[in-house]
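Visitor: Sending over a structure as C-alpha cells; questions will come in a sec.
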Amino acid sequence: MTHIAVIDIGKTNAKLALVDRATLSEVAVVTRPNTVLAGPPWPHFDLEGHWDFLLDSLASFHAAHLIDAISITTHGASCVLLDTEGGLAAPMLDYEHPGPDDLSDTYDRLRPSFRETGSARLSGGLNMGAQLHWMFTQDPTLKDRTAQILTYPQYWAFRLTGIAATERTSLGCHTDLWCPDQDAPSSLVRSLGIDDKIAPVRMASDILGTITSQVATRTGLPADTPVTCGIHDSNASLLPHLLARTSPFSVVSTGTWIIAMTVGGTNPSLDPDRDTLINVNAFGRPVPSARFMGGREFEQIVAGVQAVPTSADVDAVLANGTMLMPAVEQSTGPFAGCKSVWLPQEPDIGTGQRSVAAAYYCAMVTATCLSLTGHQGDIVVEGPFAGNMEFLSMLTVATGCSVIAAENATGTSQGAALLICENSSQPVDNVYEITEAERTILARYAANWRKLCARNCMSQLN
C-alpha cells in the first residue's frame with residue numbers, strides 16, 4: 001500500500017488529501033469551501049457538491065499517484081438521515097442553526113444527565129440529540145421516513161461502499177446519544193424513538209468494505225479499494241499520539257474549533273457549564289476534553305486581516321498590556337455568556353499588534369481549557385495554530401509546560417490515514433523554546449490577563 005486518500009471535511013473547508021503510507025506526509029491536497037446552503041427546509045450542507053468534488057479529486061489523484069485505500073474524517077455534531085432507498089430523508093442540518101434552541105425546554109426534559117453521557121448542554125444543534133428532536137418536530141413525517149441515522153464520517157463511507165454504520169468517536173462527541181462509560185447508546189435513543197434507526201456501531205479502524213462499482217467507474221480506482229469506517233476529526237488528531245506517546249499528555253487540535261484533549265491527567269470533575277465534556281477516542285475510551293471556537297474567534301478578532309507581527313508589535317502589546325477578555329463567541333467555550341472587551345484599548349484592524357493580542361487571547365483560553373481537563377505533561381499543538389509563534393509562546397508560559405508544535409500541520413489527515421495502515425515512526429518533537437527574559441514578561445501578562453478575566457467574566461459564570 002503506497003497512498004491513502006483521506007476525505008477530511010471540516011466545518012470551514014472540505015478537503016481531500018493524499019497521504020504517503022510510509023511517511024504519513026501529504027503528497028497532494030485539494031479543498032473547497034464547506035458552504036452552508038439556505039433552506040428549505042433549514043440551513044444545510046452541500047453534500048452533493050462535496051460528492052462531485054470528492055469523486056473528481058479521487059480520479060485526479062489516482063491518475064497521478066495511484067490510490068490504494070480511502071479513509072475518512074469529518075467534524076462532529078452532525079448526522080445524516082437516510083430513507084429506505086438510501087437517499088437523504090432530509091437535508092443535513094447545519095449544527096450552528098439556532099432553530100433547536102426554540103425547543104430547549106422540551107428537549108431538556110428528554111436529555112440524559114451529564115453524569116450519564118459526559119455531554120454538556122450546548123446551543124443550536126451542537127448536541128446531535130437536539131438536532132434530531134427539533135427536525136422531527138419541524139417535520140412530523142421525517143422520523144417515519146428515516147430508515148437509518150448515520151454519523152457524518154460514516155455517511156461518506158456509505159456513499160463509497162453502500163454499507164451503513166455509526167462509530168464511537170462521533171457518537172461520543174457531545175451528542176447526548178452515547179454513554180462513554182457503558183460503551184452503549186444513552187437513554188435518549190429510546191426517548192426519541194430511534195432505537196431501530198441508529199446504524200450499526202463499528203470501530204473507526206474497521207474496513208467497512210470496498211468501493212461500489214459506480215464509484216470505481218467514476219474514479220478509475222480498482223474495485224477492491226478498501227474504505228475505513230472513519231473517525232471524528234479531533235480524535236483523528238489525537239490518534240497518532242495515542243499510538244506513539246506515553247501519558248500524561250494533552251493534544252490541542254486547532255481549526256475552526258480549538259479542542260484540548262487530555263490523556264492520563266488528574267481525572268478532574270468536569271463542569272458542563274464551562275464546555276468541558278467527555279470525548280471518546282478511536283479505541284472507544286473516554287477522554288476529558290474542553291473546547292472553544294478558537295479559529296473562528298481569531299478570524300473575527302483580526303476581521304479577516306491577519307498582519308504578520310514584528311518583534312516591535314510583540315513588545316508594544318506586552319508593554320501596553322493590550323489584551324482581549326473573553327468571549328468573542330459567547331455561546332461556547334469556558335467563558336460562554338461573558339462579553340468580550342478590549343483592555344486598555346483596542347488595536348486597529350490590520351495591525352500586527354491586533355494579531356499578537358488575538359494569538360495571546362486564544363492561548364489564554366486554551367490554557368484555561370487545559371486546566372479544566374486536568375492536564376499534565378507535554379502539550380502537542382496540531383493544526384494551524386502550530387505555526388503561530390505568539391500562540392505557542394504564551395501557551396508555554398500560561399501552562400508552565402512544554403509545548404510541541406506538531407511537524408505535520410494537519411494531524412487530522414495523518415490520524416485518519418493511521419486507521420488503515422500501521423506506522424511505527426515516532427513523532428518529531430519540536431518543543432517551542434523561549435528565553436528566560438521572554439518567560440518573565442509573558443508570565444506577567446498571563447497573570448494580569450487571568451486577574452482581569454476573573455474580574456470581568458467569572459462573576460457571570462457563577
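Chain labels run A, B, ... following the order of the C-alpha cells; each chain numbers its residues from 1, and ligands are numbered from 1 in the order shown.
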Do a neighbour search on Cys421 in chain A at 12 Å with only C-alpha atoms, toss out local chain neighbours closer than 2 positions, and write the hits as a VMD selection string.
Guide: chain A and resid 1 to 5 19 to 24 68 to 71 205 to 207 226 to 228 240 414 to 419 423 to 425
Visitor: Grab the residues selected above and save them as a PDB file, in the first residue's frame with N, CA and C atoms.
Guide:
```pdb
ATOM      1  N   MET A   1       0.857  -1.193   0.000  1.00  0.00           N
ATOM      2  CA  MET A   1       0.000   0.000   0.000  1.00  0.00           C
ATOM      3  C   MET A   1       0.889   1.239   0.000  1.00  0.00           C
ATOM      4  N   THR A   2       0.670   2.157  -0.923  1.00  0.00           N
ATOM      5  CA  THR A   2       1.531   3.313  -1.070  1.00  0.00           C
ATOM      6  C   THR A   2       0.850   4.617  -0.681  1.00  0.00           C
ATOM      7  N   HIS A   3      -0.333   4.860  -1.223  1.00  0.00           N
ATOM      8  CA  HIS A   3      -1.029   6.118  -0.961  1.00  0.00           C
ATOM      9  C   HIS A   3      -2.429   5.875  -0.408  1.00  0.00           C
ATOM     10  N   ILE A   4      -2.773   6.690   0.578  1.00  0.00           N
ATOM     11  CA  ILE A   4      -4.107   6.642   1.167  1.00  0.00           C
ATOM     12  C   ILE A   4      -4.780   7.981   0.890  1.00  0.00           C
ATOM     13  N   ALA A   5      -5.955   7.945   0.296  1.00  0.00           N
ATOM     14  CA  ALA A   5      -6.744   9.158   0.095  1.00  0.00           C
ATOM     15  C   ALA A   5      -7.571   9.388   1.345  1.00  0.00           C
ATOM     16  N   VAL A  19      -2.104  10.871   1.271  1.00  0.00           N
ATOM     17  CA  VAL A  19      -1.103  10.664   2.316  1.00  0.00           C
ATOM     18  C   VAL A  19      -0.202   9.504   1.949  1.00  0.00           C
ATOM     19  N   ASP A  20       1.097   9.729   2.028  1.00  0.00           N
ATOM     20  CA  ASP A  20       2.074   8.674   1.790  1.00  0.00           C
ATOM     21  C   ASP A  20       2.084   7.719   2.973  1.00  0.00           C
ATOM     22  N   ARG A  21       1.923   6.440   2.693  1.00  0.00           N
ATOM     23  CA  ARG A  21       1.798   5.459   3.774  1.00  0.00           C
ATOM     24  C   ARG A  21       3.052   5.382   4.624  1.00  0.00           C
ATOM     25  N   ALA A  22       4.216   5.463   4.008  1.00  0.00           N
ATOM     26  CA  ALA A  22       5.465   5.262   4.740  1.00  0.00           C
ATOM     27  C   ALA A  22       5.808   6.432   5.636  1.00  0.00           C
ATOM     28  N   THR A  23       5.551   7.658   5.162  1.00  0.00           N
ATOM     29  CA  THR A  23       5.967   8.844   5.904  1.00  0.00           C
ATOM     30  C   THR A  23       4.816   9.589   6.563  1.00  0.00           C
ATOM     31  N   LEU A  24       3.576   9.262   6.190  1.00  0.00           N
ATOM     32  CA  LEU A  24       2.372   9.959   6.642  1.00  0.00           C
ATOM     33  C   LEU A  24       2.379  11.437   6.247  1.00  0.00           C
ATOM     34  N   ASP A  68      -4.468   3.481  -2.960  1.00  0.00           N
ATOM     35  CA  ASP A  68      -4.601   2.103  -2.503  1.00  0.00           C
ATOM     36  C   ASP A  68      -5.730   1.897  -1.508  1.00  0.00           C
ATOM     37  N   ALA A  69      -6.160   2.982  -0.855  1.00  0.00           N
ATOM     38  CA  ALA A  69      -7.213   2.869   0.156  1.00  0.00           C
ATOM     39  C   ALA A  69      -7.780   4.254   0.417  1.00  0.00           C
ATOM     40  N   ILE A  70      -8.946   4.290   1.041  1.00  0.00           N
ATOM     41  CA  ILE A  70      -9.605   5.551   1.377  1.00  0.00           C
ATOM     42  C   ILE A  70      -9.957   5.548   2.856  1.00  0.00           C
ATOM     43  N   SER A  71      -9.622   6.636   3.542  1.00  0.00           N
ATOM     44  CA  SER A  71     -10.012   6.820   4.935  1.00  0.00           C
ATOM     45  C   SER A  71     -10.759   8.141   5.051  1.00  0.00           C
ATOM     46  N   SER A 205     -11.467   2.067  12.899  1.00  0.00           N
ATOM     47  CA  SER A 205     -10.497   1.416  12.017  1.00  0.00           C
ATOM     48  C   SER A 205     -11.069   0.245  11.230  1.00  0.00           C
ATOM     49  N   ASP A 206     -12.320  -0.098  11.465  1.00  0.00           N
ATOM     50  CA  ASP A 206     -12.917  -1.199  10.705  1.00  0.00           C
ATOM     51  C   ASP A 206     -12.920  -0.875   9.211  1.00  0.00           C
ATOM     52  N   ILE A 207     -12.641  -1.862   8.400  1.00  0.00           N
ATOM     53  CA  ILE A 207     -12.811  -1.723   6.957  1.00  0.00           C
ATOM     54  C   ILE A 207     -14.257  -2.089   6.649  1.00  0.00           C
ATOM     55  N   PRO A 226     -10.203  -0.601  -0.482  1.00  0.00           N
ATOM     56  CA  PRO A 226     -10.880  -0.647   0.822  1.00  0.00           C
ATOM     57  C   PRO A 226     -11.177   0.744   1.368  1.00  0.00           C
ATOM     58  N   VAL A 227     -12.230   0.819   2.202  1.00  0.00           N
ATOM     59  CA  VAL A 227     -12.665   2.078   2.806  1.00  0.00           C
ATOM     60  C   VAL A 227     -12.845   1.872   4.307  1.00  0.00           C
ATOM     61  N   THR A 228     -12.250   2.761   5.107  1.00  0.00           N
ATOM     62  CA  THR A 228     -12.423   2.648   6.553  1.00  0.00           C
ATOM     63  C   THR A 228     -13.790   3.162   6.987  1.00  0.00           C
ATOM     64  N   PRO A 240      -2.517   9.602  16.427  1.00  0.00           N
ATOM     65  CA  PRO A 240      -1.073   9.345  16.321  1.00  0.00           C
ATOM     66  C   PRO A 240      -0.352   9.425  17.657  1.00  0.00           C
ATOM     67  N   GLN A 414      -3.330  12.798   8.927  1.00  0.00           N
ATOM     68  CA  GLN A 414      -2.377  11.795   9.394  1.00  0.00           C
ATOM     69  C   GLN A 414      -3.076  10.750  10.259  1.00  0.00           C
ATOM     70  N   GLY A 415      -3.904  11.220  11.194  1.00  0.00           N
ATOM     71  CA  GLY A 415      -4.598  10.292  12.071  1.00  0.00           C
ATOM     72  C   GLY A 415      -5.567   9.410  11.319  1.00  0.00           C
ATOM     73  N   ALA A 416      -6.305   9.981  10.359  1.00  0.00           N
ATOM     74  CA  ALA A 416      -7.232   9.174   9.572  1.00  0.00           C
ATOM     75  C   ALA A 416      -6.492   8.128   8.755  1.00  0.00           C
ATOM     76  N   ALA A 417      -5.311   8.484   8.233  1.00  0.00           N
ATOM     77  CA  ALA A 417      -4.528   7.514   7.469  1.00  0.00           C
ATOM     78  C   ALA A 417      -4.094   6.345   8.345  1.00  0.00           C
ATOM     79  N   LEU A 418      -3.831   6.629   9.622  1.00  0.00           N
ATOM     80  CA  LEU A 418      -3.397   5.562  10.533  1.00  0.00           C
ATOM     81  C   LEU A 418      -4.494   4.540  10.810  1.00  0.00           C
ATOM     82  N   LEU A 419      -5.730   4.867  10.477  1.00  0.00           N
ATOM     83  CA  LEU A 419      -6.798   3.882  10.647  1.00  0.00           C
ATOM     84  C   LEU A 419      -6.595   2.678   9.741  1.00  0.00           C
ATOM     85  N   ASN A 423       2.081   2.314  11.241  1.00  0.00           N
ATOM     86  CA  ASN A 423       3.256   3.154  11.069  1.00  0.00           C
ATOM     87  C   ASN A 423       3.919   3.283  12.422  1.00  0.00           C
ATOM     88  N   SER A 424       5.131   2.810  12.520  1.00  0.00           N
ATOM     89  CA  SER A 424       5.820   2.764  13.814  1.00  0.00           C
ATOM     90  C   SER A 424       6.723   3.971  14.050  1.00  0.00           C
ATOM     91  N   SER A 425       6.704   4.939  13.149  1.00  0.00           N
ATOM     92  CA  SER A 425       7.585   6.098  13.293  1.00  0.00           C
ATOM     93  C   SER A 425       7.198   6.909  14.523  1.00  0.00           C
TER      94      SER A 425
END
```
Visitor: List every residue of range 184-332 of chain A that DSSP, applied to the backbone of this structure, places in strand (DSSP E or B), and write the result as a PyMOL selection string.
Guide: chain A and resi 184-185+198+201-202+207-210+226-228+231-232+249-254+258-263+276-280+286-292+323-325
Visitor: Expressed in Å to a single decimal, how great is the separation between CA of His375 in chain A and CA of Thr266 in chain A?
Guide: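 About the pair CA of His375 in chain A and CA of Thr266 in chain A: they are 6.7 Å apart.
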Visitor: Rounded to one decimal in Å, what is the spacing between CA of Ile231 in chain A and CA of Arg285 in chain A?
Guide: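 These atoms are spaced 13.7 Å apart.
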Visitor: Using only C-alpha atoms, find each residue of range 385-414 of chain A with at least one atom at most 9 Å away from an atom of range 339-362 of chain A; report its shortest atom-to-atom pair and that distance in Å (one decimal), sort the rows by chain and rising residue number, and return the result as a Markdown table.
Guide:
```
| residue | atom | partner | partner_atom | distance |
| --- | --- | --- | --- | --- |
| A:Phe385 | CA | A:Ala359 | CA | 8.7 |
| A:Asn388 | CA | A:Ala359 | CA | 7.5 |
| A:Met389 | CA | A:Ala359 | CA | 8.6 |
| A:Glu390 | CA | A:Ala359 | CA | 5.8 |
| A:Phe391 | CA | A:Ala359 | CA | 4.8 |
| A:Leu392 | CA | A:Ala359 | CA | 8.6 |
| A:Ser393 | CA | A:Tyr360 | CA | 8.7 |
| A:Met394 | CA | A:Tyr360 | CA | 6.1 |
| A:Leu395 | CA | A:Tyr360 | CA | 8.0 |
```
Visitor: Would you output that residue set with N, CA and C atoms, as an mmCIF file, in the first residue's frame?
Guide:
```cif
data_model
loop_
_atom_site.group_PDB
_atom_site.id
_atom_site.type_symbol
_atom_site.label_atom_id
_atom_site.label_comp_id
_atom_site.auth_asym_id
_atom_site.auth_seq_id
_atom_site.Cartn_x
_atom_site.Cartn_y
_atom_site.Cartn_z
ATOM 1 N N PHE A 385 -2.677 26.560 14.369
ATOM 2 C CA PHE A 385 -2.024 27.307 15.447
ATOM 3 C C PHE A 385 -0.648 26.750 15.786
ATOM 4 N N ASN A 388 1.737 29.363 14.769
ATOM 5 C CA ASN A 388 1.565 30.715 15.302
ATOM 6 C C ASN A 388 2.490 30.880 16.512
ATOM 7 N N MET A 389 3.600 31.597 16.315
ATOM 8 C CA MET A 389 4.632 31.688 17.340
ATOM 9 C C MET A 389 4.133 32.379 18.609
ATOM 10 N N GLU A 390 3.311 33.409 18.438
ATOM 11 C CA GLU A 390 2.806 34.128 19.609
ATOM 12 C C GLU A 390 1.889 33.233 20.434
ATOM 13 N N PHE A 391 1.054 32.447 19.767
ATOM 14 C CA PHE A 391 0.181 31.496 20.457
ATOM 15 C C PHE A 391 1.023 30.490 21.239
ATOM 16 N N LEU A 392 2.039 29.925 20.594
ATOM 17 C CA LEU A 392 2.856 28.890 21.233
ATOM 18 C C LEU A 392 3.624 29.446 22.432
ATOM 19 N N SER A 393 4.184 30.645 22.288
ATOM 20 C CA SER A 393 4.966 31.201 23.395
ATOM 21 C C SER A 393 4.085 31.485 24.608
ATOM 22 N N MET A 394 2.893 32.070 24.376
ATOM 23 C CA MET A 394 2.018 32.363 25.506
ATOM 24 C C MET A 394 1.475 31.079 26.130
ATOM 25 N N LEU A 395 1.152 30.082 25.319
ATOM 26 C CA LEU A 395 0.651 28.824 25.871
ATOM 27 C C LEU A 395 1.722 28.147 26.716
#
```
Visitor: What is the CA of Ile259 in chain A to CA of Thr74 in chain A distance in Å?
Guide: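 Distance reported for this atom pair: 14.4 Å.
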Visitor: Which residues of range 5-32 of chain A sit at most 12 Å from range 129-152 of chain A, using only C-alpha atoms? Give each one's shortest atom pair and distance in Å (one decimal place), in chain and ascending residue order, as JSON lines.
Guide:
```
{"residue": "A:Ile7", "atom": "CA", "partner": "A:Tyr152", "partner_atom": "CA", "distance": 11.6}
{"residue": "A:Asp8", "atom": "CA", "partner": "A:Tyr152", "partner_atom": "CA", "distance": 11.0}
{"residue": "A:Ile9", "atom": "CA", "partner": "A:Tyr152", "partner_atom": "CA", "distance": 9.3}
{"residue": "A:Gly10", "atom": "CA", "partner": "A:Tyr152", "partner_atom": "CA", "distance": 11.0}
{"residue": "A:Lys11", "atom": "CA", "partner": "A:Tyr152", "partner_atom": "CA", "distance": 11.8}
```
Visitor: What does the file look like for those residues with C-alpha atoms, as an mmCIF file, in the first residue's frame?
Guide:
```cif
data_model
loop_
_atom_site.group_PDB
_atom_site.id
_atom_site.type_symbol
_atom_site.label_atom_id
_atom_site.label_comp_id
_atom_site.auth_asym_id
_atom_site.auth_seq_id
_atom_site.Cartn_x
_atom_site.Cartn_y
_atom_site.Cartn_z
ATOM 1 C CA ILE A 7 -11.555 12.616 2.951
ATOM 2 C CA ASP A 8 -11.327 15.400 5.548
ATOM 3 C CA ILE A 9 -14.476 17.516 5.944
ATOM 4 C CA GLY A 10 -14.007 20.397 8.379
ATOM 5 C CA LYS A 11 -16.568 22.996 9.336
#
```
Visitor: Each residue of range 66-102 of chain A with at least one atom at most 9 Å from range 106-127 of chain A should appear once, together with its nearest atom pair and the corresponding distance in Å (one decimal); atoms considered: only C-alpha atoms; ordering: chain, then increasing residue number; output as a Markdown table.
Guide:
```
| residue | atom | partner | partner_atom | distance |
| --- | --- | --- | --- | --- |
| A:Gly76 | CA | A:Leu126 | CA | 8.5 |
| A:Ala77 | CA | A:Leu126 | CA | 5.3 |
| A:Ser78 | CA | A:Leu126 | CA | 8.0 |
| A:Leu93 | CA | A:Gly125 | CA | 8.1 |
| A:Asp94 | CA | A:Gly125 | CA | 7.4 |
| A:Tyr95 | CA | A:Gly125 | CA | 4.2 |
| A:Glu96 | CA | A:Gly124 | CA | 5.6 |
| A:His97 | CA | A:Gly124 | CA | 5.6 |
| A:Pro98 | CA | A:Gly124 | CA | 4.3 |
| A:Gly99 | CA | A:Gly124 | CA | 6.4 |
| A:Pro100 | CA | A:Gly124 | CA | 5.3 |
| A:Asp101 | CA | A:Gly124 | CA | 5.4 |
| A:Asp102 | CA | A:Gly124 | CA | 8.9 |
```
Visitor: Considering only C-alpha atoms, state which residue in the set A:Gln306, A:Ser234, A:Ser331, A:Thr225 is at the smallest distance from Asp275 in chain A.
Guide: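 The closest residue to Asp275 in chain A is A:Ser331.
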Visitor: Write down as a CSV table (one decimal) with C-alpha atoms, in the first residue's frame the residues of range 141-282 of chain A whose backbone DSSP state falls under alpha helix (DSSP H).
Guide:
```
chain,number,residue,atom,x,y,z
A,142,LEU,CA,-39.5,12.8,9.0
A,143,LYS,CA,-39.0,10.2,11.7
A,144,ASP,CA,-41.2,7.7,9.8
A,145,ARG,CA,-39.3,8.5,6.6
A,152,TYR,CA,-21.1,12.1,9.5
A,153,PRO,CA,-17.8,10.3,8.6
A,154,GLN,CA,-19.8,7.2,8.1
A,155,TYR,CA,-22.2,8.9,5.6
A,156,TRP,CA,-19.2,9.3,3.3
A,157,ALA,CA,-18.2,5.7,3.9
A,158,PHE,CA,-21.8,4.7,3.0
A,159,ARG,CA,-21.6,6.7,-0.2
A,160,LEU,CA,-18.4,4.9,-1.1
A,161,THR,CA,-19.3,1.4,-0.1
A,168,ARG,CA,-17.9,5.7,18.7
A,169,THR,CA,-15.8,8.9,18.3
A,170,SER,CA,-18.7,10.7,16.5
A,171,LEU,CA,-21.4,9.2,18.8
A,187,SER,CA,-31.4,6.5,27.3
A,188,LEU,CA,-32.1,9.4,24.8
A,189,VAL,CA,-32.1,7.0,21.9
A,190,ARG,CA,-35.1,5.3,23.3
A,191,SER,CA,-36.7,8.6,24.4
A,213,SER,CA,-18.9,-0.4,-9.0
A,214,GLN,CA,-20.3,3.1,-9.6
A,215,VAL,CA,-17.5,4.8,-7.7
A,216,ALA,CA,-14.9,2.6,-9.4
A,217,THR,CA,-16.2,3.5,-12.8
A,218,ARG,CA,-16.4,7.3,-12.0
A,219,THR,CA,-12.9,7.5,-10.4
A,233,ASP,CA,-11.6,14.9,13.3
A,234,SER,CA,-10.4,15.8,16.7
A,235,ASN,CA,-9.9,12.2,17.5
A,236,ALA,CA,-8.0,11.8,14.3
A,237,SER,CA,-5.6,14.4,15.6
A,238,LEU,CA,-5.3,12.5,18.9
A,239,LEU,CA,-4.7,9.0,17.4
A,240,PRO,CA,-1.1,9.3,16.3
A,241,HIS,CA,-0.2,10.5,19.8
A,242,LEU,CA,-2.2,7.7,21.5
A,243,LEU,CA,-0.1,5.2,19.4
A,244,ALA,CA,3.3,6.9,20.0
```
Visitor: For the interface of range 231-339 of chain A with range 397-407 of chain A (cut-off 10 Å, counting only C-alpha atoms), please tabulate each contacting residue of range 231-339 of chain A alongside its nearest pair of atoms and their separation in Å to one decimal, rows sorted by chain and increasing number, as CSV.
Guide:
```
residue,atom,partner,partner_atom,distance
A:Phe249,CA,A:Ser402,CA,10.0
A:Ser250,CA,A:Val403,CA,9.7
A:Val251,CA,A:Ile404,CA,9.4
A:Val252,CA,A:Ala405,CA,9.9
```
Visitor: Using only C-alpha atoms for the distances, tell me which of A:Gly220, A:Gly264, A:Ile434, A:Met203 is nearest to Ala59 in chain A.
Guide: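 The closest residue to Ala59 in chain A is A:Gly220.
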Visitor: Give the answer as one residue: which of A:Val308, A:Cys173, A:Ala446, A:Val201 has the shortest atom-to-atom distance to Ser289 in chain A, using only C-alpha atoms?
Guide: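 For Ser289 in chain A, the nearest of the given residues is A:Cys173.
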Visitor: Return as JSON lines the residues of range 278-324 of chain A lying at most 12 Å from range 435-439 of chain A, together with the closest atom-to-atom pair for each and the distance in Å to one decimal, counting only C-alpha atoms, with rows in chain order and ascending residue number.
Guide:
```
{"residue": "A:Ser311", "atom": "CA", "partner": "A:Glu438", "partner_atom": "CA", "distance": 11.7}
{"residue": "A:Val314", "atom": "CA", "partner": "A:Glu438", "partner_atom": "CA", "distance": 10.6}
{"residue": "A:Asp315", "atom": "CA", "partner": "A:Glu438", "partner_atom": "CA", "distance": 10.1}
{"residue": "A:Leu318", "atom": "CA", "partner": "A:Glu438", "partner_atom": "CA", "distance": 10.2}
```
Visitor: The selected residues should be written to file as a PDB file, in the first residue's frame (atoms: N, CA and C atoms).
Guide:
```pdb
ATOM      1  N   SER A 311       8.684  41.982  15.923  1.00  0.00           N
ATOM      2  CA  SER A 311       9.095  41.973  17.322  1.00  0.00           C
ATOM      3  C   SER A 311       8.660  43.262  18.022  1.00  0.00           C
ATOM      4  N   VAL A 314       5.088  42.786  19.175  1.00  0.00           N
ATOM      5  CA  VAL A 314       5.040  41.984  20.390  1.00  0.00           C
ATOM      6  C   VAL A 314       5.418  42.832  21.592  1.00  0.00           C
ATOM      7  N   ASP A 315       6.509  43.591  21.448  1.00  0.00           N
ATOM      8  CA  ASP A 315       6.961  44.444  22.557  1.00  0.00           C
ATOM      9  C   ASP A 315       5.889  45.459  22.948  1.00  0.00           C
ATOM     10  N   LEU A 318       2.965  43.803  24.905  1.00  0.00           N
ATOM     11  CA  LEU A 318       3.362  43.453  26.269  1.00  0.00           C
ATOM     12  C   LEU A 318       3.578  44.695  27.125  1.00  0.00           C
TER      13      LEU A 318
END
```
Visitor: With distances taken over only C-alpha atoms, which of A:Cys457, A:Leu37, A:Ala204, A:Ala14 is nearest to Gly284 in chain A?
Guide: A:Ala204
Visitor: Which residue out of A:Phe283, A:Trp51, A:Trp178, A:Phe298 has the minimum interatomic distance to Leu324 in chain A when only C-alpha atoms are used?
Guide: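 Answer, going by the shortest atom-to-atom distance: A:Phe298.
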Visitor: Hey, which of A:Ala454, A:Ser104, A:Leu54, A:Pro40 ends up closest to Met92 in chain A? Count only C-alpha atoms.
Guide: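 Checking each candidate against Met92 in chain A, we get A:Pro40 as the closest.
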